[in-house]
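Asks: Supplied in structure tokens, the structure appears directly below.
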Amino acid sequence: MNNKWSIIAGPCSAESYEQLRESAIQLRSIHPNWVRCGIWKPRSRPGGFQGAGEDGIIWILRVKDEFPELKFIVEVSSPNHVDIVLRNGIDAVWMGARTTTNPHSVNELASALRGTDLPVMVKNPMVPDLPLWIGAFERLMNSGVKQLFAIHRGFTTPYSGDLRNMPLWEIPFYLKKEIPELPIFFDPSHICGRADIIQSYIETAAKLDYSGIMVETHPQPTMALTDATQQITPQELGLILDGLDKLSADKNDNRFVQRTLIEERMRILDQELIRLNTERMKAIEIYKKLLGDAENLTITE
Ligand code: PEP
Ligand code: MN
């Protein structure tokens, strides 16, 4: 199964030439189709590491000199980023979830990409709004972009629970219905937000109709400057991919797809019940304090 699936792996951020080179060395045994690394990082809050910028491009070019078989993909969120990527011959780009959420930004990127043959991957928008995701593809297609791919990285919802972003599996399924020829990749890293459950999400995705995965890997995950909790080592990814073969029997089994959707719905409902119950307990505590006489109160808990 490993060799039927396209693999994109690499660090959340390019942090130094040494880190990028070490990533490349460790990733080579996986034979990734593309090595990912963010060099302009869209951070929710200011401060902290914002990405290496053009220094990152220079590191990528040095690593490519040494390992010409490796292709690199970076995130772009402005026409200036596209211009720098094109001038330096970077192999492919992806549009991040925050960018896909804003049609003005998508329009600007689509114009900047007009007339190029760069492969473009589009992450789902932050919010579970399928037309917004489809709209990004339409804008890029209208600009003549031919090599398009989707990345399912999950959605911000009030009931994400122990996940960083909810998968809401039905949204990529409907995307596939709307644009059947579009390859869809699965990004477990930004859905899970933590390394210990990445494997089980990759295993679930392996049984669904994805064309590949984009996974964040780091030579020393705990030292990562961004998204340290969710990165795994290239060796760990290699072991997960090796173990996938035995799962392939279920692939495209419609019952498995239905089961995944139902399990996901139950998970959302369970989490919402737990959240509401916790809110209720908190409200009772506040109520008891307000009345100042917890002993004599009779409240059904
Ligand atoms: C990333 O890929 O590191 C990233 C910032 O992703 P997203 O746009 O999915 O949040
Ligand atoms: Mn990241």
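Chain labels run A, B, ... following the order of the structure tokens; each chain numbers its residues from 1, and ligands are numbered from 1 in the order shown.
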What are the DSSP strand (DSSP E) residues of segment 209-289 of chain A, as a list in words?
Replies: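 In segment 209-289 of chain A, DSSP puts these residues in strand (DSSP E): Gly212, Ile213, Met214, Val215 and Glu216 of chain A.
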Asks: List all protein, DNA and RNA residues that have an atom no more than 10 Å from any atom of ligand 1, counting only C-alpha atoms and all ligand atoms, and report them as number ranges by chain.
Replies: A: 10-13, 36-44, 74-75, 77, 94-101, 122-126, 151-155, 165, 187-191, 214-216, 226-227
Asks: Counting only C-alpha atoms, what is within 10 Å of Asp91 of chain A, bar same-chain residues fewer than 5 positions away, as a list in words?
Replies: Trp34, Val35, Leu70, Lys71, Phe72, Ile73, Val74, Val85, Leu86, Asp117, Leu118, Pro119 and Val120 of chain A
Asks: If we count only C-alpha atoms, what is near Asp162 of chain A at a cut-off of 10 Å, once residues fewer than 6 positions away on the same chain are taken out, given as a PyMOL selection string?
Replies: chain A and resi 191-194+271
Asks: Would you please extract all alpha helix (DSSP H) residues from segment 74-294 of chain A, as assigned by DSSP on the backbone, and give them as a PyMOL selection string?
Replies: chain A and resi 79-87+97-100+103-113+130-142+170-178+188-192+198-206+234-242+254-291
